[in-house]
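Structure data (mmCIF, C-alpha atoms) from target17.cif:
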```cif
data_protein
loop_
_atom_site.group_PDB
_atom_site.id
_atom_site.type_symbol
_atom_site.label_atom_id
_atom_site.label_comp_id
_atom_site.auth_asym_id
_atom_site.auth_seq_id
_atom_site.Cartn_x
_atom_site.Cartn_y
_atom_site.Cartn_z
ATOM 1 C CA MET A 15 -3.270 7.609 34.116
ATOM 2 C CA SER A 16 -1.692 4.301 33.161
ATOM 3 C CA ASP A 17 1.598 3.182 34.647
ATOM 4 C CA PRO A 18 4.344 4.626 32.387
ATOM 5 C CA LEU A 19 6.699 1.817 33.378
ATOM 6 C CA ALA A 20 4.264 -1.031 32.673
ATOM 7 C CA PRO A 21 5.581 -3.630 30.215
ATOM 8 C CA ALA A 22 4.425 -3.211 26.661
ATOM 9 C CA ALA A 23 4.173 -5.358 23.591
ATOM 10 C CA PRO A 24 6.678 -4.472 20.852
ATOM 11 C CA GLY A 25 5.429 -1.632 18.701
ATOM 12 C CA ASP A 26 7.746 0.672 16.794
ATOM 13 C CA ALA A 27 10.837 -1.118 18.055
ATOM 14 C CA GLY A 28 11.446 -2.157 14.446
ATOM 15 C CA PRO A 29 13.633 -4.873 12.949
ATOM 16 C CA ALA A 30 17.110 -5.596 14.236
ATOM 17 C CA PRO A 31 20.089 -4.158 12.322
ATOM 18 C CA ASP A 32 22.416 -6.428 10.390
ATOM 19 C CA ALA A 33 26.119 -6.945 11.098
ATOM 20 C CA ALA A 34 26.935 -3.577 9.521
ATOM 21 C CA GLY A 35 24.543 -1.779 11.832
ATOM 22 C CA ARG A 36 22.029 -1.106 9.069
ATOM 23 C CA VAL A 37 18.339 -1.923 8.919
ATOM 24 C CA THR A 38 16.073 -2.337 5.930
ATOM 25 C CA PRO A 39 12.508 -1.932 7.230
ATOM 26 C CA ASP A 40 9.585 -3.272 5.235
ATOM 27 C CA LEU A 41 8.220 0.209 4.627
ATOM 28 C CA ARG A 42 6.827 2.369 1.912
ATOM 29 C CA GLN A 43 9.394 4.300 -0.110
ATOM 30 C CA PRO A 44 11.183 6.832 2.126
ATOM 31 C CA VAL A 45 10.526 10.489 1.349
ATOM 32 C CA ARG A 46 13.281 12.846 0.193
ATOM 33 C CA LEU A 47 13.124 15.476 2.917
ATOM 34 C CA ALA A 48 13.976 19.159 2.641
ATOM 35 C CA ALA A 49 17.250 19.654 4.516
ATOM 36 C CA SER A 50 20.404 21.720 4.881
ATOM 37 C CA LEU A 51 23.951 20.770 5.882
ATOM 38 C CA ASP A 52 26.064 23.641 7.198
ATOM 39 C CA GLY A 53 29.285 24.067 9.122
ATOM 40 C CA PRO A 54 32.985 23.170 9.086
ATOM 41 C CA ARG A 55 33.692 20.365 6.629
ATOM 42 C CA ASP A 56 36.134 18.704 8.991
ATOM 43 C CA ALA A 57 33.648 18.651 11.900
ATOM 44 C CA PRO A 58 31.498 15.681 12.931
ATOM 45 C CA VAL A 59 27.870 15.810 11.797
ATOM 46 C CA LEU A 60 25.040 16.586 14.203
ATOM 47 C CA VAL A 61 21.483 15.953 13.008
ATOM 48 C CA LEU A 62 18.797 18.229 14.465
ATOM 49 C CA GLY A 63 15.202 16.951 14.502
ATOM 50 C CA ASN A 64 12.258 19.327 14.935
ATOM 51 C CA SER A 65 9.079 19.104 16.960
ATOM 52 C CA LEU A 66 5.735 18.455 15.284
ATOM 53 C CA GLY A 67 4.477 21.645 13.652
ATOM 54 C CA SER A 68 7.818 23.464 13.622
ATOM 55 C CA THR A 69 10.576 23.831 11.050
ATOM 56 C CA ARG A 70 14.370 23.979 11.206
ATOM 57 C CA GLU A 71 14.161 27.533 12.597
ATOM 58 C CA LEU A 72 13.318 25.833 15.898
ATOM 59 C CA TRP A 73 17.045 25.300 16.435
ATOM 60 C CA GLU A 74 18.180 28.878 15.767
ATOM 61 C CA PRO A 75 18.941 29.548 19.476
ATOM 62 C CA GLN A 76 21.425 26.644 19.428
ATOM 63 C CA LEU A 77 23.087 27.332 16.081
ATOM 64 C CA PRO A 78 25.932 29.571 17.305
ATOM 65 C CA GLY A 79 26.951 27.208 20.105
ATOM 66 C CA LEU A 80 26.549 23.904 18.300
ATOM 67 C CA GLY A 81 27.661 25.161 14.891
ATOM 68 C CA GLU A 82 31.084 26.036 16.250
ATOM 69 C CA HIS A 83 31.883 22.371 16.800
ATOM 70 C CA PHE A 84 29.578 20.425 14.467
ATOM 71 C CA ARG A 85 28.419 20.291 10.891
ATOM 72 C CA LEU A 86 24.677 20.718 11.352
ATOM 73 C CA LEU A 87 22.224 18.653 9.307
ATOM 74 C CA ARG A 88 18.755 20.132 9.770
ATOM 75 C CA TYR A 89 15.745 18.528 8.124
ATOM 76 C CA GLU A 90 11.980 18.955 7.852
ATOM 77 C CA HIS A 91 9.437 16.256 8.685
ATOM 78 C CA ARG A 92 6.927 15.241 6.042
ATOM 79 C CA GLY A 93 4.679 18.169 5.181
ATOM 80 C CA HIS A 94 6.879 20.653 7.052
ATOM 81 C CA GLY A 95 9.150 23.319 5.564
ATOM 82 C CA GLY A 96 8.950 22.141 1.974
ATOM 83 C CA SER A 97 9.152 18.383 2.541
ATOM 84 C CA PRO A 98 6.547 16.387 0.574
ATOM 85 C CA ALA A 99 3.497 14.987 2.339
ATOM 86 C CA PRO A 100 2.409 11.631 0.938
ATOM 87 C CA PRO A 101 -0.973 10.348 2.121
ATOM 88 C CA GLY A 102 -0.931 9.157 5.730
ATOM 89 C CA PRO A 103 -1.028 7.588 8.154
ATOM 90 C CA TYR A 104 2.706 7.401 8.855
ATOM 91 C CA THR A 105 4.705 5.478 11.436
ATOM 92 C CA ILE A 106 7.717 6.517 13.480
ATOM 93 C CA ALA A 107 9.651 3.842 11.610
ATOM 94 C CA GLU A 108 8.792 5.496 8.298
ATOM 95 C CA LEU A 109 9.828 8.907 9.583
ATOM 96 C CA GLY A 110 13.084 7.331 10.768
ATOM 97 C CA ALA A 111 13.632 5.741 7.361
ATOM 98 C CA ASP A 112 13.277 9.210 5.815
ATOM 99 C CA VAL A 113 16.219 10.387 7.929
ATOM 100 C CA LEU A 114 18.253 7.300 7.002
ATOM 101 C CA ARG A 115 17.734 8.165 3.346
ATOM 102 C CA LEU A 116 18.844 11.710 4.157
ATOM 103 C CA LEU A 117 22.054 10.456 5.769
ATOM 104 C CA ASP A 118 22.739 8.284 2.735
ATOM 105 C CA ASP A 119 22.020 11.132 0.320
ATOM 106 C CA PHE A 120 24.517 13.373 2.117
ATOM 107 C CA GLY A 121 27.071 10.565 2.433
ATOM 108 C CA VAL A 122 26.973 10.650 6.240
ATOM 109 C CA GLU A 123 27.986 7.263 7.654
ATOM 110 C CA HIS A 124 27.384 8.188 11.280
ATOM 111 C CA ALA A 125 26.316 11.271 13.240
ATOM 112 C CA SER A 126 25.202 12.549 16.593
ATOM 113 C CA TYR A 127 21.497 13.331 16.844
ATOM 114 C CA CYS A 128 19.431 15.799 18.889
ATOM 115 C CA GLY A 129 15.658 16.020 18.619
ATOM 116 C CA VAL A 130 12.803 17.935 20.216
ATOM 117 C CA SER A 131 9.464 16.160 20.745
ATOM 118 C CA LEU A 132 8.693 14.308 17.455
ATOM 119 C CA GLY A 133 12.325 14.823 16.467
ATOM 120 C CA GLY A 134 13.339 13.028 19.645
ATOM 121 C CA MET A 135 11.007 10.119 18.878
ATOM 122 C CA VAL A 136 12.661 9.724 15.495
ATOM 123 C CA GLY A 137 16.057 9.892 17.209
ATOM 124 C CA MET A 138 15.149 7.065 19.579
ATOM 125 C CA TRP A 139 14.020 4.903 16.666
ATOM 126 C CA LEU A 140 17.261 5.558 14.802
ATOM 127 C CA ALA A 141 19.474 4.875 17.825
ATOM 128 C CA ALA A 142 17.656 1.602 18.518
ATOM 129 C CA ASN A 143 17.544 0.339 14.935
ATOM 130 C CA VAL A 144 20.761 1.632 13.388
ATOM 131 C CA PRO A 145 23.085 1.964 16.408
ATOM 132 C CA ALA A 146 26.245 2.087 14.289
ATOM 133 C CA ARG A 147 25.048 5.333 12.719
ATOM 134 C CA ILE A 148 24.172 7.279 15.870
ATOM 135 C CA ASP A 149 27.184 8.369 17.956
ATOM 136 C CA VAL A 150 25.542 10.408 20.727
ATOM 137 C CA LEU A 151 21.880 11.154 21.431
ATOM 138 C CA GLY A 152 20.157 14.235 22.858
ATOM 139 C CA LEU A 153 16.407 14.039 23.527
ATOM 140 C CA CYS A 154 14.503 17.174 24.469
ATOM 141 C CA CYS A 155 10.899 17.318 25.715
ATOM 142 C CA THR A 156 9.849 14.041 24.137
ATOM 143 C CA SER A 157 8.146 10.757 24.937
ATOM 144 C CA ALA A 158 8.451 7.045 24.223
ATOM 145 C CA ARG A 159 4.673 6.595 24.387
ATOM 146 C CA PHE A 160 1.563 8.640 25.172
ATOM 147 C CA PRO A 161 -1.065 7.036 27.414
ATOM 148 C CA ASP A 162 -3.990 8.677 25.599
ATOM 149 C CA THR A 163 -3.344 8.002 21.936
ATOM 150 C CA GLY A 164 -6.922 8.896 20.970
ATOM 151 C CA LEU A 165 -6.124 12.589 21.296
ATOM 152 C CA TRP A 166 -3.640 12.310 18.423
ATOM 153 C CA VAL A 167 -6.121 10.442 16.227
ATOM 154 C CA GLU A 168 -8.747 13.104 16.905
ATOM 155 C CA ARG A 169 -6.299 15.890 16.110
ATOM 156 C CA ALA A 170 -5.353 14.228 12.830
ATOM 157 C CA ALA A 171 -9.012 14.044 11.812
ATOM 158 C CA ALA A 172 -9.624 17.671 12.822
ATOM 159 C CA VAL A 173 -6.647 18.921 10.818
ATOM 160 C CA ARG A 174 -7.633 16.971 7.720
ATOM 161 C CA ALA A 175 -11.117 18.466 7.973
ATOM 162 C CA GLY A 176 -10.277 22.073 8.797
ATOM 163 C CA GLY A 177 -6.559 22.693 8.408
ATOM 164 C CA LEU A 178 -4.135 24.044 11.022
ATOM 165 C CA PRO A 179 -5.347 27.631 11.704
ATOM 166 C CA PRO A 180 -8.332 26.585 13.881
ATOM 167 C CA ILE A 181 -6.030 24.777 16.350
ATOM 168 C CA SER A 182 -2.656 26.495 15.986
ATOM 169 C CA ALA A 183 -3.015 29.050 18.795
ATOM 170 C CA GLN A 184 -4.196 26.415 21.260
ATOM 171 C CA VAL A 185 -1.374 24.037 20.295
ATOM 172 C CA VAL A 186 1.341 26.691 20.603
ATOM 173 C CA SER A 187 -0.037 27.828 23.958
ATOM 174 C CA ARG A 188 1.313 24.552 25.382
ATOM 175 C CA TRP A 189 4.804 25.194 24.035
ATOM 176 C CA PHE A 190 5.568 28.167 26.321
ATOM 177 C CA THR A 191 4.637 29.122 29.855
ATOM 178 C CA PRO A 192 2.140 31.987 30.223
ATOM 179 C CA ALA A 193 4.885 34.097 31.786
ATOM 180 C CA PHE A 194 7.210 33.597 28.809
ATOM 181 C CA ALA A 195 4.421 34.269 26.300
ATOM 182 C CA ALA A 196 3.499 37.500 28.096
ATOM 183 C CA ARG A 197 7.108 38.681 28.150
ATOM 184 C CA PHE A 198 7.967 37.678 24.566
ATOM 185 C CA PRO A 199 4.646 37.631 22.644
ATOM 186 C CA SER A 200 6.363 37.727 19.256
ATOM 187 C CA VAL A 201 7.883 34.273 19.843
ATOM 188 C CA PRO A 202 4.649 32.262 20.105
ATOM 189 C CA ALA A 203 3.153 34.432 17.357
ATOM 190 C CA ALA A 204 5.956 33.375 15.006
ATOM 191 C CA PHE A 205 5.439 29.698 15.847
ATOM 192 C CA ILE A 206 1.690 30.038 15.245
ATOM 193 C CA ALA A 207 2.409 31.475 11.792
ATOM 194 C CA THR A 208 4.761 28.582 11.046
ATOM 195 C CA LEU A 209 2.241 26.008 12.231
ATOM 196 C CA ASP A 210 -0.464 27.562 10.054
ATOM 197 C CA GLY A 211 1.752 26.912 7.028
ATOM 198 C CA VAL A 212 2.317 23.201 7.638
ATOM 199 C CA ASP A 213 0.690 20.847 5.138
ATOM 200 C CA PRO A 214 -2.424 19.394 6.833
ATOM 201 C CA GLU A 215 -1.863 15.887 5.468
ATOM 202 C CA GLY A 216 1.747 15.824 6.622
ATOM 203 C CA TYR A 217 0.788 17.094 10.062
ATOM 204 C CA ALA A 218 -2.071 14.601 10.370
ATOM 205 C CA GLY A 219 0.116 11.720 9.240
ATOM 206 C CA CYS A 220 2.722 12.642 11.856
ATOM 207 C CA CYS A 221 -0.007 12.790 14.518
ATOM 208 C CA GLU A 222 -0.984 9.238 13.566
ATOM 209 C CA ALA A 223 2.652 8.166 13.795
ATOM 210 C CA ILE A 224 2.710 9.459 17.375
ATOM 211 C CA ALA A 225 -0.603 7.762 18.150
ATOM 212 C CA GLY A 226 0.743 4.404 16.977
ATOM 213 C CA MET A 227 4.121 4.788 18.674
ATOM 214 C CA ASP A 228 5.414 2.695 21.551
ATOM 215 C CA LEU A 229 9.185 3.001 21.743
ATOM 216 C CA ARG A 230 9.498 1.664 25.290
ATOM 217 C CA PRO A 231 10.520 -1.851 24.172
ATOM 218 C CA ALA A 232 13.239 -0.290 21.980
ATOM 219 C CA LEU A 233 14.899 1.754 24.725
ATOM 220 C CA ALA A 234 17.001 -1.128 26.040
ATOM 221 C CA GLY A 235 18.556 -1.484 22.588
ATOM 222 C CA ILE A 236 19.906 2.075 22.535
ATOM 223 C CA THR A 237 23.635 1.994 23.196
ATOM 224 C CA ALA A 238 24.453 5.634 22.396
ATOM 225 C CA SER A 239 25.149 7.805 25.412
ATOM 226 C CA THR A 240 21.956 9.827 25.873
ATOM 227 C CA LEU A 241 21.019 13.103 27.528
ATOM 228 C CA VAL A 242 17.290 13.465 28.197
ATOM 229 C CA ILE A 243 16.046 17.014 28.797
ATOM 230 C CA SER A 244 12.601 17.813 30.184
ATOM 231 C CA GLY A 245 10.892 21.095 30.966
ATOM 232 C CA SER A 246 9.559 21.326 34.505
ATOM 233 C CA ASP A 247 6.393 23.085 33.258
ATOM 234 C CA ASP A 248 5.850 21.102 30.071
ATOM 235 C CA PRO A 249 2.166 20.060 29.837
ATOM 236 C CA SER A 250 2.724 17.996 26.682
ATOM 237 C CA THR A 251 5.631 15.790 27.787
ATOM 238 C CA PRO A 252 6.042 16.417 31.528
ATOM 239 C CA PRO A 253 9.227 15.231 33.245
ATOM 240 C CA TRP A 254 7.890 11.745 33.974
ATOM 241 C CA HIS A 255 8.026 11.082 30.213
ATOM 242 C CA GLY A 256 11.725 11.920 30.288
ATOM 243 C CA ALA A 257 12.210 9.736 33.366
ATOM 244 C CA VAL A 258 10.745 6.732 31.552
ATOM 245 C CA ILE A 259 13.193 7.240 28.690
ATOM 246 C CA ALA A 260 16.200 7.762 30.965
ATOM 247 C CA GLN A 261 15.320 4.668 32.983
ATOM 248 C CA GLY A 262 15.017 2.573 29.822
ATOM 249 C CA ILE A 263 18.356 3.592 28.218
ATOM 250 C CA ALA A 264 21.409 2.203 29.985
ATOM 251 C CA ARG A 265 23.811 5.061 29.250
ATOM 252 C CA SER A 266 21.559 8.030 29.950
ATOM 253 C CA ARG A 267 20.784 10.794 32.384
ATOM 254 C CA LEU A 268 17.877 13.182 32.856
ATOM 255 C CA ALA A 269 18.145 16.963 33.194
ATOM 256 C CA VAL A 270 15.068 19.037 34.084
ATOM 257 C CA ILE A 271 15.022 22.696 33.015
ATOM 258 C CA ARG A 272 13.144 24.728 35.601
ATOM 259 C CA GLY A 273 10.456 27.074 34.340
ATOM 260 C CA ALA A 274 10.473 25.693 30.790
ATOM 261 C CA ALA A 275 7.502 24.310 28.880
ATOM 262 C CA HIS A 276 7.516 22.164 25.731
ATOM 263 C CA LEU A 277 9.983 24.144 23.623
ATOM 264 C CA ALA A 278 12.609 24.363 26.333
ATOM 265 C CA ASN A 279 15.366 24.998 23.801
ATOM 266 C CA VAL A 280 13.603 28.251 22.806
ATOM 267 C CA SER A 281 12.481 29.551 26.204
ATOM 268 C CA ALA A 282 15.661 28.492 28.031
ATOM 269 C CA PRO A 283 18.233 28.571 25.215
ATOM 270 C CA ALA A 284 21.349 29.083 27.319
ATOM 271 C CA GLU A 285 20.614 26.173 29.651
ATOM 272 C CA VAL A 286 19.669 23.752 26.879
ATOM 273 C CA THR A 287 22.587 24.739 24.632
ATOM 274 C CA ALA A 288 25.052 24.339 27.486
ATOM 275 C CA ALA A 289 23.650 20.945 28.479
ATOM 276 C CA LEU A 290 23.679 19.615 24.920
ATOM 277 C CA SER A 291 27.125 21.022 24.132
ATOM 278 C CA THR A 292 28.701 19.509 27.229
ATOM 279 C CA HIS A 293 27.126 16.130 26.515
ATOM 280 C CA LEU A 294 27.924 16.072 22.795
ATOM 281 C CA LEU A 295 31.480 17.382 22.994
ATOM 282 C CA ALA A 296 32.443 14.867 25.664
ATOM 283 C CA LEU A 297 31.441 11.937 23.486
ATOM 284 C CA ALA A 298 31.223 12.915 19.807
ATOM 285 C CA PRO A 299 33.999 11.855 17.409
ATOM 286 C CA PRO A 300 36.839 14.392 16.987
ATOM 287 C CA ARG A 301 37.268 16.545 13.909
ATOM 288 C CA TRP A 302 38.488 14.732 10.851
ATOM 289 C CA GLY A 303 41.859 15.173 9.265
#
```

Using structure tokens, write down the structure that the file contains.
Amino acid sequence: MSDPLAPAAPGDAGPAPDAAGRVTPDLRQPVRLAASLDGPRDAPVLVLGNSLGSTRELWEPQLPGLGEHFRLLRYEHRGHGGSPAPPGPYTIAELGADVLRLLDDFGVEHASYCGVSLGGMVGMWLAANVPARIDVLGLCCTSARFPDTGLWVERAAAVRAGGLPPISAQVVSRWFTPAFAARFPSVPAAFIATLDGVDPEGYAGCCEAIAGMDLRPALAGITASTLVISGSDDPSTPPWHGAVIAQGIARSRLAVIRGAAHLANVSAPAEVTAALSTHLLALAPPRWG
């Protein structure tokens, strides 16, 4: 395995923001994503980003706790949950630009952001490239770069050729520990059904975005206070991925959830909700008015 802390050439670090904290990447036209904005109108906005292959239902365990204090903006990646899927490949910068368009469409000048896996990658890009628009950052079971990017390219090709059903059970098996899956079999079954319904082109394009991603050079530019959460038993983004991120962001700390795999917010909802709530409420802007 390559050294996760080795220096890297700039990749998806993206262009620097202007004096207003905005960035205009040289990208294809951003996609209008499927999204919902719910909660008290006088509350600060919290954007929730999903993992690859899941939809906004991923965050249901956190909705009661976070929705009490925040207006929740949940969105779907390209090809997920009703969002369009233009031909790939995509980049993390393009997926981030989609969310910027979403913020503009909803008239949200700045927000806190929490993301799981791919959602966390998008959150890092946003916090590095448009720092004035991201108040506080929560990153759950995610990575700044994968050593073996060929796996993502191969998965993209397989999905374009045969769709999601041939791989969905194997993919979801990495999201939960065997003990959790045996105790709550309906949970992974529901995620398999969701994954089967994702648009193959959107999924493949997102895989290629992950394959081409190297956010390590961008981490030093993130000024938002950041909580990094890892699952101790996560085979997809084990805790050393979280350690790389926490070491690269100045105002950050790492929390490891024992006994959790890739979807720690689902298998350990109380621990993750408490950690995110404490972090967000200590630093997010107060209610308006």

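For the pair atom CA of A:Phe194 and atom CA of A:His255, the interatomic distance is 22.6 Å.
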
Task: atom CA of A:Val150 to atom CA of A:His91, distance in Å rounded to a single decimal - done: 20.9 Å

Once the PyMOL selection byres ((chain A and resi 220) around 12) has been evaluated on this model, what residues remain selected, and can you format them as a tab-separated table (two decimals) with C-alpha atoms, in the coordinates of the input?
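Final file, expr-v5.tsv:
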```
chain	number	residue	atom	x	y	z
A	65	SER	CA	9.08	19.10	16.96
A	66	LEU	CA	5.74	18.45	15.28
A	67	GLY	CA	4.48	21.64	13.65
A	90	GLU	CA	11.98	18.95	7.85
A	91	HIS	CA	9.44	16.26	8.68
A	92	ARG	CA	6.93	15.24	6.04
A	93	GLY	CA	4.68	18.17	5.18
A	94	HIS	CA	6.88	20.65	7.05
A	99	ALA	CA	3.50	14.99	2.34
A	100	PRO	CA	2.41	11.63	0.94
A	101	PRO	CA	-0.97	10.35	2.12
A	102	GLY	CA	-0.93	9.16	5.73
A	103	PRO	CA	-1.03	7.59	8.15
A	104	TYR	CA	2.71	7.40	8.86
A	105	THR	CA	4.70	5.48	11.44
A	106	ILE	CA	7.72	6.52	13.48
A	107	ALA	CA	9.65	3.84	11.61
A	108	GLU	CA	8.79	5.50	8.30
A	109	LEU	CA	9.83	8.91	9.58
A	110	GLY	CA	13.08	7.33	10.77
A	131	SER	CA	9.46	16.16	20.74
A	132	LEU	CA	8.69	14.31	17.45
A	133	GLY	CA	12.32	14.82	16.47
A	135	MET	CA	11.01	10.12	18.88
A	136	VAL	CA	12.66	9.72	15.50
A	166	TRP	CA	-3.64	12.31	18.42
A	167	VAL	CA	-6.12	10.44	16.23
A	169	ARG	CA	-6.30	15.89	16.11
A	170	ALA	CA	-5.35	14.23	12.83
A	171	ALA	CA	-9.01	14.04	11.81
A	173	VAL	CA	-6.65	18.92	10.82
A	174	ARG	CA	-7.63	16.97	7.72
A	212	VAL	CA	2.32	23.20	7.64
A	213	ASP	CA	0.69	20.85	5.14
A	214	PRO	CA	-2.42	19.39	6.83
A	215	GLU	CA	-1.86	15.89	5.47
A	216	GLY	CA	1.75	15.82	6.62
A	217	TYR	CA	0.79	17.09	10.06
A	218	ALA	CA	-2.07	14.60	10.37
A	219	GLY	CA	0.12	11.72	9.24
A	221	CYS	CA	-0.01	12.79	14.52
A	222	GLU	CA	-0.98	9.24	13.57
A	223	ALA	CA	2.65	8.17	13.80
A	224	ILE	CA	2.71	9.46	17.38
A	225	ALA	CA	-0.60	7.76	18.15
A	226	GLY	CA	0.74	4.40	16.98
A	227	MET	CA	4.12	4.79	18.67
```

Task: Within 7 Å of A:Val61 using all atoms listed in the file, minus same-chain residues under 4 positions, as a count of residues only - done: 7

Task: Polymer residues at most 10 Å from A:Trp139, all atoms listed in the file, same-chain spacing of 4 or more positions, as a VMD selection string - done: chain A and resid 26 to 28 106 to 111 134 to 135 143 to 145 158 229 232 to 233 235 to 236

TODO: Taking (8.5, 11.7, 0.7) in the file's own coordinates, collect the residues within 8 Å, counting all atoms listed in the file, and hand them back as a PyMOL selection string.
DONE: chain A and resi 43-47+92+97-100+112

Task: Counting all atoms listed in the file, the option among A:Ala264, A:Ala183, A:Val270, A:Val122 closest to A:Ala57 - done: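 Selected residue with least distance to A:Ala57: A:Val122.
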
Using the file's own x, y and z axes, what box holds all listed atoms of stretch 118-129 of chain A with 6 Å on each side, keeping edges along x, y and z, and what are its centre and edge lengths in Å to one decimal, as AutoDock Vina command-line options?
```
--center_x 21.8 --center_y 11.6 --center_z 9.6 --size_x 24.3 --size_y 20.8 --size_z 30.6
```

- [ ] Tell me which of A:Gly262, A:Gly95, A:Pro192, A:Gly53 sits closest to A:Ala234, counting only C-alpha atoms.
- [x] A:Gly262

Open item on the list: Please report the interatomic distance between atom CA of A:Leu51 and atom CA of A:Val186 in Å with one decimal.
Closed with: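 Distance reported for this atom pair: 27.6 Å.
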
Open item on the list: Need the shell around A:Pro299: protein/DNA/RNA residues with any atom at most 12 Å away, counting all atoms listed in the file. Skip same-chain ones fewer than 5 positions apart. Format as number ranges by chain?
Closed with: A: 56-60, 83-84, 124-126, 148-150, 294

Task: Nearest-residue call for A:Arg272, choices A:Gly245, A:Pro253, A:Pro180, A:Gly137, using only C-alpha atoms - done: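 Of the candidates, the smallest distance to A:Arg272 is held by A:Gly245.
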
Open item on the list: Could you list, as a PyMOL selection string, every residue matched by the PyMOL selection byres ((chain A and resi 268) around 8) in this structure?
Closed with: chain A and resi 241-244+256-257+260+266-267+269-270

Open item on the list: Taking all atoms listed in the file into account, name the residue in A:Asp52, A:Gly63, A:Gly164, A:His276 that is nearest to A:Arg85.
Closed with: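 That would be A:Asp52, the residue with the smallest distance to A:Arg85.
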
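Shortest atom-to-atom contact with A:Arg188 among A:Thr163, A:Gln76, A:Ser250, A:Asn279: A:Ser250, counting all atoms listed in the file.
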
When you write stretch 108-113 of chain A out from the block above, keep all heavy atoms and present the result as a short mmCIF file (atom, residue, chain, number, x, y, z; two decimals), in the first residue's frame, please.
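Just written: decode.cif:
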```
data_model
loop_
_atom_site.label_atom_id
_atom_site.label_comp_id
_atom_site.auth_asym_id
_atom_site.auth_seq_id
_atom_site.Cartn_x
_atom_site.Cartn_y
_atom_site.Cartn_z
N GLU A 108 -16.93 18.80 -10.54
CA GLU A 108 -18.24 18.94 -11.17
C GLU A 108 -19.37 18.60 -10.20
O GLU A 108 -20.40 19.28 -10.18
CB GLU A 108 -18.32 18.06 -12.42
CG GLU A 108 -17.49 18.60 -13.56
CD GLU A 108 -17.45 17.66 -14.75
OE1 GLU A 108 -17.40 16.44 -14.56
OE2 GLU A 108 -17.46 18.18 -15.89
N LEU A 109 -19.17 17.57 -9.41
CA LEU A 109 -20.19 17.23 -8.41
C LEU A 109 -20.31 18.35 -7.37
O LEU A 109 -21.41 18.63 -6.89
CB LEU A 109 -19.83 15.91 -7.73
CG LEU A 109 -19.70 14.68 -8.64
CD1 LEU A 109 -19.43 13.44 -7.80
CD2 LEU A 109 -20.92 14.49 -9.51
N GLY A 110 -19.19 18.97 -7.03
CA GLY A 110 -19.24 20.13 -6.12
C GLY A 110 -19.95 21.31 -6.74
O GLY A 110 -20.71 22.02 -6.07
N ALA A 111 -19.73 21.54 -8.03
CA ALA A 111 -20.40 22.64 -8.72
C ALA A 111 -21.91 22.42 -8.77
O ALA A 111 -22.69 23.38 -8.72
CB ALA A 111 -19.84 22.80 -10.14
N ASP A 112 -22.34 21.16 -8.84
CA ASP A 112 -23.77 20.86 -8.77
C ASP A 112 -24.36 21.37 -7.45
O ASP A 112 -25.47 21.94 -7.42
CB ASP A 112 -24.01 19.36 -8.87
CG ASP A 112 -23.67 18.76 -10.22
OD1 ASP A 112 -23.53 19.53 -11.19
OD2 ASP A 112 -23.55 17.52 -10.29
N VAL A 113 -23.64 21.15 -6.35
CA VAL A 113 -24.13 21.57 -5.04
C VAL A 113 -24.10 23.09 -4.93
O VAL A 113 -25.01 23.70 -4.33
CB VAL A 113 -23.32 20.92 -3.91
CG1 VAL A 113 -23.81 21.38 -2.55
CG2 VAL A 113 -23.43 19.39 -4.00
#
```
